[in-house]
Structure formats: C-alpha cells, structure tokens
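Asks: Sharing query23.json, JSON, C-alpha atoms:
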[["chain", "number", "residue", "atom", "x", "y", "z"],
["A", 1, "MET", "CA", 204.51, 115.02, 175.01],
["A", 2, "ALA", "CA", 206.04, 117.92, 173.27],
["A", 3, "ARG", "CA", 204.98, 121.33, 174.33],
["A", 4, "LEU", "CA", 204.22, 123.92, 171.68],
["A", 5, "ASN", "CA", 206.77, 126.62, 171.15],
["A", 6, "VAL", "CA", 204.91, 129.71, 172.34],
["A", 7, "ASN", "CA", 205.42, 132.68, 174.64],
["A", 8, "PRO", "CA", 203.93, 132.16, 178.08],
["A", 9, "THR", "CA", 201.61, 135.14, 178.06],
["A", 10, "ARG", "CA", 198.01, 135.58, 179.03],
["A", 11, "MET", "CA", 196.99, 136.35, 175.47],
["A", 12, "VAL", "CA", 198.51, 133.16, 174.10],
["A", 13, "LEU", "CA", 196.83, 131.27, 176.94],
["A", 14, "THR", "CA", 193.41, 132.55, 175.93],
["A", 15, "GLY", "CA", 194.10, 131.62, 172.32],
["A", 16, "LEU", "CA", 195.24, 128.13, 173.25],
["A", 17, "LYS", "CA", 192.22, 127.55, 175.43],
["A", 18, "ARG", "CA", 190.00, 128.44, 172.51],
["A", 19, "ARG", "CA", 191.92, 126.07, 170.26],
["A", 20, "LEU", "CA", 191.59, 123.29, 172.80],
["A", 21, "ARG", "CA", 187.84, 123.77, 172.94],
["A", 22, "THR", "CA", 187.59, 123.59, 169.15],
["A", 23, "ALA", "CA", 189.82, 120.53, 169.02],
["A", 24, "ARG", "CA", 187.70, 118.75, 171.61],
["A", 25, "ARG", "CA", 184.52, 119.50, 169.72],
["A", 26, "GLY", "CA", 186.09, 118.41, 166.42],
["A", 27, "HIS", "CA", 187.30, 115.24, 168.04],
["A", 28, "LYS", "CA", 183.85, 114.38, 169.31],
["A", 29, "LEU", "CA", 182.24, 115.05, 165.94],
["A", 30, "LEU", "CA", 184.82, 113.02, 164.04],
["A", 31, "LYS", "CA", 184.45, 110.17, 166.46],
["A", 32, "ASP", "CA", 180.70, 110.14, 165.86],
["A", 33, "LYS", "CA", 181.34, 110.24, 162.13],
["A", 34, "ARG", "CA", 183.73, 107.32, 162.37],
["A", 35, "ASP", "CA", 181.29, 105.23, 164.37],
["A", 36, "GLU", "CA", 178.43, 105.89, 161.98],
["A", 37, "LEU", "CA", 180.61, 105.21, 158.93],
["A", 38, "MET", "CA", 181.70, 101.96, 160.48],
["A", 39, "LYS", "CA", 178.12, 100.92, 161.07],
["A", 40, "LYS", "CA", 177.17, 101.63, 157.45],
["A", 41, "PHE", "CA", 180.33, 100.01, 156.17],
["A", 42, "LEU", "CA", 179.69, 96.77, 158.01],
["A", 43, "GLU", "CA", 176.16, 96.63, 156.66],
["A", 44, "ILE", "CA", 177.42, 97.12, 153.13],
["A", 45, "VAL", "CA", 180.31, 94.75, 153.40],
["A", 46, "ARG", "CA", 178.15, 91.95, 154.79],
["A", 47, "GLU", "CA", 175.78, 92.34, 151.86],
["A", 48, "ASN", "CA", 178.74, 92.62, 149.53],
["A", 49, "ARG", "CA", 180.06, 89.29, 150.71],
["A", 50, "LYS", "CA", 176.71, 87.59, 150.34],
["A", 51, "GLU", "CA", 176.19, 89.04, 146.87],
["A", 52, "ARG", "CA", 179.65, 87.99, 145.77],
["A", 53, "GLU", "CA", 179.02, 84.44, 146.87],
["A", 54, "ILE", "CA", 175.79, 84.41, 144.89],
["A", 55, "VAL", "CA", 177.39, 85.88, 141.77],
["A", 56, "GLU", "CA", 180.35, 83.52, 141.86],
["A", 57, "LYS", "CA", 178.12, 80.52, 142.26],
["A", 58, "LEU", "CA", 175.75, 81.56, 139.49],
["A", 59, "LEU", "CA", 178.54, 82.49, 137.14],
["A", 60, "MET", "CA", 180.25, 79.16, 137.58],
["A", 61, "ASP", "CA", 176.95, 77.58, 136.65],
["A", 62, "VAL", "CA", 176.73, 79.80, 133.58],
["A", 63, "HIS", "CA", 180.27, 78.90, 132.58],
["A", 64, "SER", "CA", 179.63, 75.21, 132.83],
["A", 65, "ARG", "CA", 176.52, 75.59, 130.68],
["A", 66, "PHE", "CA", 178.56, 77.50, 128.12],
["A", 67, "ILE", "CA", 181.15, 74.78, 128.07],
["A", 68, "MET", "CA", 178.39, 72.30, 127.33],
["A", 69, "ALA", "CA", 177.09, 74.52, 124.55],
["A", 70, "ARG", "CA", 180.56, 74.88, 123.14],
["A", 71, "ALA", "CA", 181.00, 71.15, 123.13],
["A", 72, "LEU", "CA", 177.82, 70.67, 121.16],
["A", 73, "MET", "CA", 178.37, 73.45, 118.63],
["A", 74, "SER", "CA", 181.33, 74.51, 116.59],
["A", 75, "SER", "CA", 182.97, 77.63, 117.92],
["A", 76, "GLU", "CA", 182.31, 79.50, 114.65],
["A", 77, "MET", "CA", 178.65, 78.77, 114.98],
["A", 78, "LEU", "CA", 178.67, 79.90, 118.56],
["A", 79, "GLU", "CA", 180.39, 83.16, 117.76],
["A", 80, "GLU", "CA", 178.09, 83.78, 114.90],
["A", 81, "ALA", "CA", 175.07, 83.18, 117.08],
["A", 82, "LEU", "CA", 176.24, 85.71, 119.61],
["A", 83, "MET", "CA", 177.60, 88.23, 117.18],
["A", 84, "PHE", "CA", 174.65, 90.59, 117.08],
["A", 85, "PRO", "CA", 173.14, 91.02, 120.49],
["A", 86, "LYS", "CA", 169.48, 91.90, 120.68],
["A", 87, "ARG", "CA", 169.76, 93.64, 123.98],
["A", 88, "LYS", "CA", 171.78, 96.54, 125.09],
["A", 89, "VAL", "CA", 172.34, 97.33, 128.72],
["A", 90, "SER", "CA", 172.86, 100.92, 129.64],
["A", 91, "LEU", "CA", 173.36, 102.26, 133.08],
["A", 92, "GLY", "CA", 171.91, 105.27, 134.76],
["A", 93, "THR", "CA", 174.38, 106.38, 137.36],
["A", 94, "SER", "CA", 173.73, 108.60, 140.29],
["A", 95, "THR", "CA", 175.33, 108.93, 143.67],
["A", 96, "ARG", "CA", 174.10, 108.43, 147.16],
["A", 97, "ASN", "CA", 175.51, 110.35, 150.07],
["A", 98, "ILE", "CA", 176.55, 108.26, 153.06],
["A", 99, "MET", "CA", 178.07, 110.57, 155.68],
["A", 100, "SER", "CA", 179.42, 112.78, 152.89],
["A", 101, "VAL", "CA", 180.95, 109.86, 151.02],
["A", 102, "HIS", "CA", 179.43, 109.80, 147.57],
["A", 103, "VAL", "CA", 178.84, 106.21, 146.60],
["A", 104, "PRO", "CA", 177.54, 105.17, 143.20],
["A", 105, "VAL", "CA", 174.01, 104.01, 142.57],
["A", 106, "LEU", "CA", 173.49, 102.04, 139.40],
["A", 107, "GLU", "CA", 170.21, 101.56, 137.65],
["A", 108, "PHE", "CA", 170.26, 99.56, 134.53],
["A", 109, "THR", "CA", 167.84, 99.59, 131.68],
["A", 110, "THR", "CA", 167.85, 97.08, 128.92],
["A", 111, "GLU", "CA", 166.88, 98.02, 125.45],
["A", 112, "GLU", "CA", 165.47, 95.16, 123.50],
["A", 113, "ALA", "CA", 165.62, 95.37, 119.76],
["A", 114, "GLY", "CA", 162.97, 92.76, 119.12],
["A", 115, "GLU", "CA", 160.09, 91.94, 121.36],
["A", 116, "GLY", "CA", 159.83, 89.01, 123.69],
["A", 117, "ASP", "CA", 162.83, 86.77, 124.04],
["A", 118, "ILE", "CA", 166.44, 87.67, 124.70],
["A", 119, "PHE", "CA", 168.04, 85.24, 122.30],
["A", 120, "PRO", "CA", 169.88, 87.00, 119.50],
["A", 121, "TYR", "CA", 169.74, 84.03, 117.14],
["A", 122, "GLY", "CA", 167.37, 81.65, 115.47],
["A", 123, "PHE", "CA", 166.90, 78.29, 117.09],
["A", 124, "ALA", "CA", 167.70, 76.23, 114.01],
["A", 125, "ASN", "CA", 171.47, 76.16, 114.23],
["A", 126, "THR", "CA", 172.04, 76.39, 117.94],
["A", 127, "SER", "CA", 171.81, 73.93, 120.74],
["A", 128, "GLY", "CA", 169.43, 74.05, 123.67],
["A", 129, "GLU", "CA", 172.36, 74.34, 126.06],
["A", 130, "LEU", "CA", 173.19, 77.76, 124.70],
["A", 131, "ASP", "CA", 169.65, 78.94, 125.41],
["A", 132, "GLY", "CA", 170.01, 77.69, 128.96],
["A", 133, "ALA", "CA", 173.34, 79.42, 129.41],
["A", 134, "ILE", "CA", 172.05, 82.75, 128.17],
["A", 135, "GLN", "CA", 168.91, 82.47, 130.22],
["A", 136, "ALA", "CA", 171.00, 81.82, 133.33],
["A", 137, "LEU", "CA", 173.33, 84.67, 132.49],
["A", 138, "SER", "CA", 170.53, 87.16, 132.19],
["A", 139, "GLU", "CA", 169.38, 86.11, 135.63],
["A", 140, "VAL", "CA", 172.81, 86.86, 137.11],
["A", 141, "LEU", "CA", 172.78, 90.31, 135.56],
["A", 142, "PRO", "CA", 170.99, 92.24, 138.34],
["A", 143, "HIS", "CA", 173.15, 90.52, 140.95],
["A", 144, "MET", "CA", 176.29, 91.51, 139.09],
["A", 145, "LEU", "CA", 175.31, 95.14, 138.94],
["A", 146, "ARG", "CA", 174.33, 95.15, 142.60],
["A", 147, "LEU", "CA", 177.71, 93.61, 143.35],
["A", 148, "ALA", "CA", 179.53, 96.35, 141.44],
["A", 149, "GLU", "CA", 177.62, 98.99, 143.39],
["A", 150, "LEU", "CA", 178.31, 97.38, 146.75],
["A", 151, "GLU", "CA", 181.94, 96.69, 146.09],
["A", 152, "LYS", "CA", 182.63, 100.23, 145.02],
["A", 153, "SER", "CA", 180.76, 101.56, 148.04],
["A", 154, "ALA", "CA", 182.76, 99.34, 150.36],
["A", 155, "GLN", "CA", 186.04, 100.51, 148.85],
["A", 156, "LEU", "CA", 185.14, 104.18, 149.07],
["A", 157, "LEU", "CA", 183.83, 103.87, 152.60],
["A", 158, "SER", "CA", 186.87, 101.96, 153.80],
["A", 159, "ASP", "CA", 189.07, 104.73, 152.50],
["A", 160, "GLU", "CA", 187.02, 107.38, 154.24],
["A", 161, "ILE", "CA", 186.97, 105.41, 157.50],
["A", 162, "GLU", "CA", 190.71, 105.13, 157.45],
["A", 163, "LYS", "CA", 191.09, 108.86, 156.92],
["A", 164, "THR", "CA", 188.61, 109.69, 159.66],
["A", 165, "ARG", "CA", 190.27, 107.28, 162.06],
["A", 166, "ARG", "CA", 193.63, 108.91, 161.44],
["A", 167, "ARG", "CA", 192.16, 112.31, 162.12],
["A", 168, "VAL", "CA", 190.48, 111.15, 165.32],
["A", 169, "ASN", "CA", 193.70, 109.62, 166.55],
["A", 170, "ALA", "CA", 195.78, 112.64, 165.63],
["A", 171, "LEU", "CA", 193.45, 114.85, 167.64],
["A", 172, "GLU", "CA", 193.15, 112.46, 170.54],
["A", 173, "TYR", "CA", 196.77, 111.48, 170.96],
["A", 174, "VAL", "CA", 198.71, 114.43, 169.59],
["A", 175, "LEU", "CA", 196.95, 117.72, 169.31],
["A", 176, "ILE", "CA", 194.80, 117.68, 172.43],
["A", 177, "PRO", "CA", 197.55, 116.43, 174.81],
["A", 178, "ASN", "CA", 199.96, 118.98, 173.33],
["A", 179, "LEU", "CA", 197.53, 121.80, 173.87],
["A", 180, "GLU", "CA", 196.76, 120.65, 177.39],
["A", 181, "GLU", "CA", 200.43, 120.48, 178.27],
["A", 182, "THR", "CA", 201.17, 123.88, 176.82],
["A", 183, "ILE", "CA", 198.26, 125.40, 178.70],
["A", 184, "ARG", "CA", 199.48, 123.83, 181.93],
["A", 185, "TYR", "CA", 202.96, 125.18, 181.25],
["A", 186, "ILE", "CA", 201.70, 128.71, 180.67],
["A", 187, "VAL", "CA", 199.50, 128.65, 183.76],
["A", 188, "MET", "CA", 202.46, 127.44, 185.86],
["A", 189, "LYS", "CA", 204.72, 130.10, 184.42],
["A", 190, "LEU", "CA", 202.19, 132.86, 185.04],
["A", 191, "ASP", "CA", 201.57, 131.66, 188.60],
["A", 192, "GLU", "CA", 205.28, 131.54, 189.25],
["A", 193, "ASN", "CA", 205.68, 135.10, 187.97],
["A", 194, "GLU", "CA", 202.82, 136.16, 190.20],
["A", 195, "ARG", "CA", 204.44, 134.58, 193.26],
["A", 196, "GLY", "CA", 207.79, 136.16, 192.37],
["A", 197, "ASN", "CA", 206.13, 139.52, 192.09],
["A", 198, "LEU", "CA", 204.41, 139.12, 195.45],
["A", 199, "THR", "CA", 207.61, 138.22, 197.31],
["A", 200, "ARG", "CA", 209.38, 141.14, 195.69],
["A", 201, "LEU", "CA", 206.65, 143.52, 196.78],
["A", 202, "MET", "CA", 206.79, 142.22, 200.35],
["A", 203, "LYS", "CA", 210.54, 142.59, 200.38],
["A", 204, "VAL", "CA", 210.34, 146.15, 199.01],
["A", 205, "LYS", "CA", 207.72, 147.01, 201.60],
["A", 206, "ASP", "CA", 210.00, 145.73, 204.36],
["A", 207, "MET", "CA", 212.87, 147.77, 203.05],
["A", 208, "MET", "CA", 210.76, 150.93, 202.80],
["A", 209, "LEU", "CA", 209.45, 150.51, 206.32],
["A", 210, "GLU", "CA", 212.98, 149.97, 207.56],
["A", 211, "GLN", "CA", 214.05, 153.20, 205.91],
["A", 212, "ALA", "CA", 211.17, 155.16, 207.39],
["A", 213, "HIS", "CA", 211.22, 153.89, 210.98],
["A", 214, "HIS", "CA", 214.73, 152.49, 211.50],
["A", 215, "TYR", "CA", 213.44, 149.44, 213.42],
["A", 216, "LYS", "CA", 216.81, 147.75, 213.53],
["A", 217, "GLU", "CA", 218.57, 150.65, 215.21],
["A", 218, "ARG", "CA", 215.78, 151.14, 217.73],
["A", 219, "TYR", "CA", 215.57, 147.50, 218.85],
["A", 220, "ASN", "CA", 219.31, 146.89, 218.90],
["A", 221, "ASN", "CA", 219.90, 149.76, 221.25],
["B", 1, "MET", "CA", 173.80, 106.74, 129.87],
["B", 2, "ARG", "CA", 176.90, 104.78, 130.68],
["B", 3, "LYS", "CA", 177.96, 101.41, 129.47],
["B", 4, "VAL", "CA", 179.07, 98.16, 131.03],
["B", 5, "GLY", "CA", 182.19, 96.40, 129.82],
["B", 6, "VAL", "CA", 183.46, 92.89, 130.27],
["B", 7, "MET", "CA", 187.11, 91.99, 129.83],
["B", 8, "GLY", "CA", 188.69, 88.57, 129.90],
["B", 9, "GLU", "CA", 189.59, 85.47, 127.99],
["B", 10, "ARG", "CA", 187.52, 84.94, 124.92],
["B", 11, "ASP", "CA", 185.90, 81.75, 126.18],
["B", 12, "SER", "CA", 184.84, 83.26, 129.47],
["B", 13, "VAL", "CA", 183.36, 86.49, 128.26],
["B", 14, "LEU", "CA", 181.71, 85.68, 124.95],
["B", 15, "GLY", "CA", 178.37, 84.91, 126.55],
["B", 16, "PHE", "CA", 178.07, 88.35, 128.09],
["B", 17, "LYS", "CA", 177.59, 89.77, 124.64],
["B", 18, "ALA", "CA", 174.18, 88.14, 124.44],
["B", 19, "VAL", "CA", 172.90, 89.94, 127.52],
["B", 20, "GLY", "CA", 173.96, 93.34, 126.28],
["B", 21, "PHE", "CA", 177.38, 94.03, 127.81],
["B", 22, "ASP", "CA", 180.27, 95.25, 125.69],
["B", 23, "VAL", "CA", 182.74, 92.43, 125.47],
["B", 24, "TYR", "CA", 186.49, 92.84, 125.04],
["B", 25, "PRO", "CA", 188.48, 89.62, 124.83],
["B", 26, "VAL", "CA", 192.11, 90.13, 125.81],
["B", 27, "VAL", "CA", 195.04, 87.79, 125.91],
["B", 28, "SER", "CA", 198.21, 89.39, 127.16],
["B", 29, "ARG", "CA", 198.99, 91.54, 130.15],
["B", 30, "GLU", "CA", 199.87, 94.59, 128.05],
["B", 31, "GLU", "CA", 196.73, 94.31, 126.02],
["B", 32, "ALA", "CA", 194.61, 94.03, 129.15],
["B", 33, "SER", "CA", 196.22, 96.99, 130.84],
["B", 34, "GLU", "CA", 195.83, 99.15, 127.74],
["B", 35, "ARG", "CA", 192.24, 98.11, 127.25],
["B", 36, "LEU", "CA", 191.39, 98.87, 130.86],
["B", 37, "THR", "CA", 192.77, 102.38, 130.63],
["B", 38, "GLN", "CA", 190.92, 102.95, 127.39],
["B", 39, "LEU", "CA", 187.60, 101.73, 128.80],
["B", 40, "ALA", "CA", 188.02, 103.84, 131.92],
["B", 41, "ASP", "CA", 188.65, 106.90, 129.76],
["B", 42, "ASP", "CA", 185.64, 106.09, 127.61],
["B", 43, "GLY", "CA", 183.36, 106.52, 130.59],
["B", 44, "TYR", "CA", 182.42, 102.95, 131.30],
["B", 45, "ALA", "CA", 180.69, 102.86, 134.69],
["B", 46, "VAL", "CA", 181.34, 99.22, 135.45],
["B", 47, "ILE", "CA", 184.05, 96.98, 134.05],
["B", 48, "TYR", "CA", 183.96, 93.30, 134.89],
["B", 49, "VAL", "CA", 187.33, 91.60, 134.63],
["B", 50, "THR", "CA", 187.83, 87.88, 134.89],
["B", 51, "GLU", "CA", 190.05, 86.91, 137.78],
["B", 52, "GLN", "CA", 192.65, 85.34, 135.53],
["B", 53, "ILE", "CA", 193.18, 88.70, 133.82],
["B", 54, "ALA", "CA", 192.69, 90.69, 137.01],
["B", 55, "SER", "CA", 195.57, 88.87, 138.65],
["B", 56, "MET", "CA", 197.83, 90.06, 135.83],
["B", 57, "ILE", "CA", 196.89, 93.72, 136.00],
["B", 58, "ALA", "CA", 196.44, 94.16, 139.74],
["B", 59, "GLU", "CA", 198.31, 97.49, 139.79],
["B", 60, "ASP", "CA", 196.16, 98.98, 137.05],
["B", 61, "ILE", "CA", 193.02, 97.96, 138.90],
["B", 62, "GLU", "CA", 194.37, 99.38, 142.14],
["B", 63, "ARG", "CA", 194.62, 102.77, 140.44],
["B", 64, "TYR", "CA", 190.85, 103.01, 140.10],
["B", 65, "ARG", "CA", 190.10, 101.70, 143.57],
["B", 66, "PHE", "CA", 189.25, 105.07, 145.06],
["B", 67, "SER", "CA", 187.70, 106.89, 142.15],
["B", 68, "ARG", "CA", 183.94, 106.69, 141.97],
["B", 69, "PHE", "CA", 183.85, 105.44, 138.39],
["B", 70, "PRO", "CA", 184.64, 103.04, 136.88],
["B", 71, "ALA", "CA", 183.89, 100.26, 139.31],
["B", 72, "ILE", "CA", 186.17, 97.40, 138.37],
["B", 73, "VAL", "CA", 184.78, 94.12, 139.58],
["B", 74, "PRO", "CA", 186.62, 90.83, 139.36],
["B", 75, "ILE", "CA", 184.44, 87.89, 138.32],
["B", 76, "PRO", "CA", 185.36, 84.22, 138.05],
["B", 77, "GLY", "CA", 186.38, 83.09, 134.60],
["B", 78, "SER", "CA", 185.47, 79.78, 133.02],
["B", 79, "SER", "CA", 188.39, 78.00, 134.69],
["B", 80, "GLY", "CA", 187.07, 78.73, 138.16],
["B", 81, "SER", "CA", 187.35, 81.28, 140.92],
["B", 82, "LEU", "CA", 190.76, 82.26, 142.23],
["B", 83, "GLY", "CA", 189.38, 84.03, 145.26],
["B", 84, "ILE", "CA", 190.61, 87.43, 144.09],
["B", 85, "GLY", "CA", 187.17, 88.99, 144.34],
["B", 86, "MET", "CA", 186.65, 87.82, 147.90],
["B", 87, "ASN", "CA", 190.12, 88.97, 148.73],
["B", 88, "SER", "CA", 189.39, 92.51, 147.67],
["B", 89, "VAL", "CA", 186.32, 92.54, 149.92],
["B", 90, "LYS", "CA", 188.54, 91.28, 152.71],
["B", 91, "LYS", "CA", 191.06, 93.99, 151.99],
["B", 92, "SER", "CA", 188.41, 96.68, 152.35],
["B", 93, "VAL", "CA", 187.44, 95.29, 155.73],
["B", 94, "GLU", "CA", 191.01, 95.17, 156.91],
["B", 95, "LYS", "CA", 191.62, 98.71, 155.81],
["B", 96, "ALA", "CA", 188.52, 100.05, 157.53],
["B", 97, "VAL", "CA", 188.50, 98.05, 160.72],
["B", 98, "GLY", "CA", 192.20, 97.33, 161.10],
["B", 99, "ALA", "CA", 191.58, 93.62, 161.46],
["B", 100, "ASP", "CA", 189.63, 91.01, 159.61],
["B", 101, "ILE", "CA", 186.37, 90.56, 161.47],
["B", 102, "LEU", "CA", 184.15, 89.00, 158.80],
["B", 103, "PHE", "CA", 186.20, 86.23, 157.28],
["B", 104, "ASN", "CA", 187.94, 84.71, 160.24],
["B", 105, "HIS", "CA", 187.11, 81.11, 159.79]]
So that I can check it, write out the structure of this file as structure tokens.

Replies:
Amino acid sequence: MARLNVNPTRMVLTGLKRRLRTARRGHKLLKDKRDELMKKFLEIVRENRKEREIVEKLLMDVHSRFIMARALMSSEMLEEALMFPKRKVSLGTSTRNIMSVHVPVLEFTTEEAGEGDIFPYGFANTSGELDGAIQALSEVLPHMLRLAELEKSAQLLSDEIEKTRRRVNALEYVLIPNLEETIRYIVMKLDENERGNLTRLMKVKDMMLEQAHHYKERYNN
Amino acid sequence: MRKVGVMGERDSVLGFKAVGFDVYPVVSREEASERLTQLADDGYAVIYVTEQIASMIAEDIERYRFSRFPAIVPIPGSSGSLGIGMNSVKKSVEKAVGADILFNH
C-alpha cells in the first residue's frame, strides 16, 4: 500500500495516530449502519416483491374485466360513463426515517362526491361487467399505493446501502492500511534516528576519553 | 395534498379514472416523456406508468429513481405484464447486495 507523503516527525506521528483512531471508529459505525440498512432493505424488498405479485395479478384480472365490458358496450358509451369520476383520490405524503434515509409514507383519502357507491354513472346504459371491473379496480387501489411506497423505499435504500458500502470499503481497504503503514514508517524512522544518535554518542565518548587519558599510547608502550 | 397520475395506452388506463386517479393517455415516446416531466413538475406524488410505455421511456424514469417524489411505478397494461416492474425490484436488490439473492430460481 502507498504510504502517505508526510515528514517523519513525532508531531505528525501523534496526528496520524489520532486520525487512525477516528477512522477505526468511523469504520465500525458505518459497518453497523450498513448491516442495519441491509436488514431493513431485505424486509422491504421481500414485501415489495409480494405486493408486486399481488398487484400484477389483480390488475390483469381488472384488465380482462374491462375487455369484457368494452366488448359489450360501445367505446363511446364506455368513455362517457367514465368521463366524470365521482371519487377523487388525494395523497397525504410524509416521510419516515430509516437510518437517516427518508422514505415516503403515503396515506390516501378518497373524496366521494355522492354518497354510497363508487360508480360514476347510471346503470341504465352500462353493462354489469363494467361494474365488476371498477369494483375490482377499487380493491387494487390500496395495494397499488402500498406498492409505490415500498418500491420507492427499496430504491432509496439500495442507493444508500451502496454509498455506505463504498465508504466502509474505502476505510477498510485504503485509508486504514495507509495510515497504519505510514505510522509504522515513522516509528521505524524515529527508532533508527534514535539508534544512530546513540552510536554517535558512544563514539564521541570514546574519542573524548581517548583524548583525556591517552589509553592507546599507554597500552602500546 | 398530492395527486396520483396514471399514464399509458388509452385502453389500459381509462378505468383508473373511475377510482379517482388522474388519467393521461399517451401514444408516442415523445409524448410520454414530455408528459412524465410535466407531471413530475406538477407535484404528483405517484405516477403509474404501464409497462408498454415504461419500456419506451426508461431513461426518463431512471432520472427520478433516487428523488423521493414522484414515485414512478410500472404496472402491467392490458396486453399483459412484460416483467419490467419485477426487474426494477431485482435491480434494487442487485445494487444493494451486489448479487441477486431473492430471485434466483
């Protein structure tokens, strides 16, 4: 791994050690965040899949009913029947916080113009199949909204998980090893300097003693 | 209060009008892409798009993938499901986990 480009001094060493501590703590926290996000994500995505299967199945049923209705009525009549809807769906949106990912929460309210039924037409000119289709469709409605909520949540969470995973990996495989290597390098360098200093001192001491007592001359004679 | 929109071929989406969604029949790719942008700007919270149309404007839908609103949800049209909706669920899993662990059958 690459070593950081720093001066091998004691002050830098202290700074790097502090950075390493922070990086380790950040790494641990992010790892926990990733694991928890993953847990939530899998819950949501499993439900998402189930809900999608339900919606697709129900909608296909609705479509086939509509096709029947269309076959039994002229398309002008059909359009006319559906032209002025009695209901209006409006959504209350809020957000829920999952590990600081804000996912949407949808609550729908329907406003009915008339009371009682949902059919926006009189029964005289329309076929029974149309009633069935619309009835079925209004039953899919809550599932569809739940699906929208889940799918959006899954998308947002997957994005966040990817980001977190990248961060965890960057810390684990790049930053922390780099810091460790640089710290090792500085410690080595400082130790080496220390040893060099020591030998020099010993040598100087020898020389000074030699000057003071003239050992060599005395023992050679 | 936000609204819910449905976009797709006329035959597939007409029924949604009766249950209170705002229905926008579209035909061509350009029309669909324009309509989608317009609905997103109008503050629709959820836009359902039939898979037949969704397959044409995949890039436009991708743009809104990571913004909180609108949620753009593909639904099967009257000619059947193309599997696009399931695919997008699968894509989320692959992105998050790195491999497909839910749909491997």

Asks: Tell me, in Å to one decimal, how far CA of Ser28 in chain B is from CA of Tyr64 in chain B.

Replies: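 Pair CA of Ser28 in chain B / CA of Tyr64 in chain B returns 20.2 Å.
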
Asks: Can you tell me which residues surround range 11-20 of chain A at a distance of at most 7 Å, considering all atoms listed in the file, apart from same-chain residues fewer than 3 positions away, and format the answer as a list in words?

Replies: Asn7, Pro8, Ala23, Arg24, Ile176, Leu179, Ile183 and Ile186 of chain A

Asks: Quick one: everything within 9 Å of Ser81 in chain B, counting all atoms listed in the file, minus sequence neighbours fewer than 5 positions away in the same chain. Send it as a list in words.

Replies: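 Listed by chain and then number, they are Glu56 and Met60 of chain A; Thr50, Glu51, Gln52, Ile75 and Pro76 of chain B.
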
Asks: Taking all atoms listed in the file into account, what are the residues of chain B at most 7 Å from chain A, put as JSON, numbers by chain?

Replies: {"B": [1, 2, 3, 4, 15, 17, 18, 19, 20, 21, 46, 65, 66, 68, 71, 73, 75, 76, 78, 80, 92, 93, 95, 96]}

Asks: Within 8 Å of range 34-40 of chain B, counting all atoms listed in the file, which residues show up once you throw out same-chain ones fewer than 2 positions away? Write them as a ChimeraX atom specification, please.

Replies: /B:5,30-32,42-45,47,60,69-70

Asks: Set up a box along x, y and z of the file covering all listed atoms of range 41-51 of chain B, add 6 Å on every one of the six sides, and write the centre and edge lengths in Å to one decimal, as JSON.

Replies:
{"center_x": 185.4, "center_y": 96.9, "center_z": 132.7, "size_x": 21.4, "size_y": 32.0, "size_z": 22.2}

Asks: For CA of Arg25 in chain A and CA of Val168 in chain A, quote the distance in Å rounded to one decimal.

Replies: 11.2 Å

Asks: Any idea what the distance is between CA of Lys31 in chain A and CA of Arg166 in chain A?

Replies: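 It comes out at 10.5 Å.
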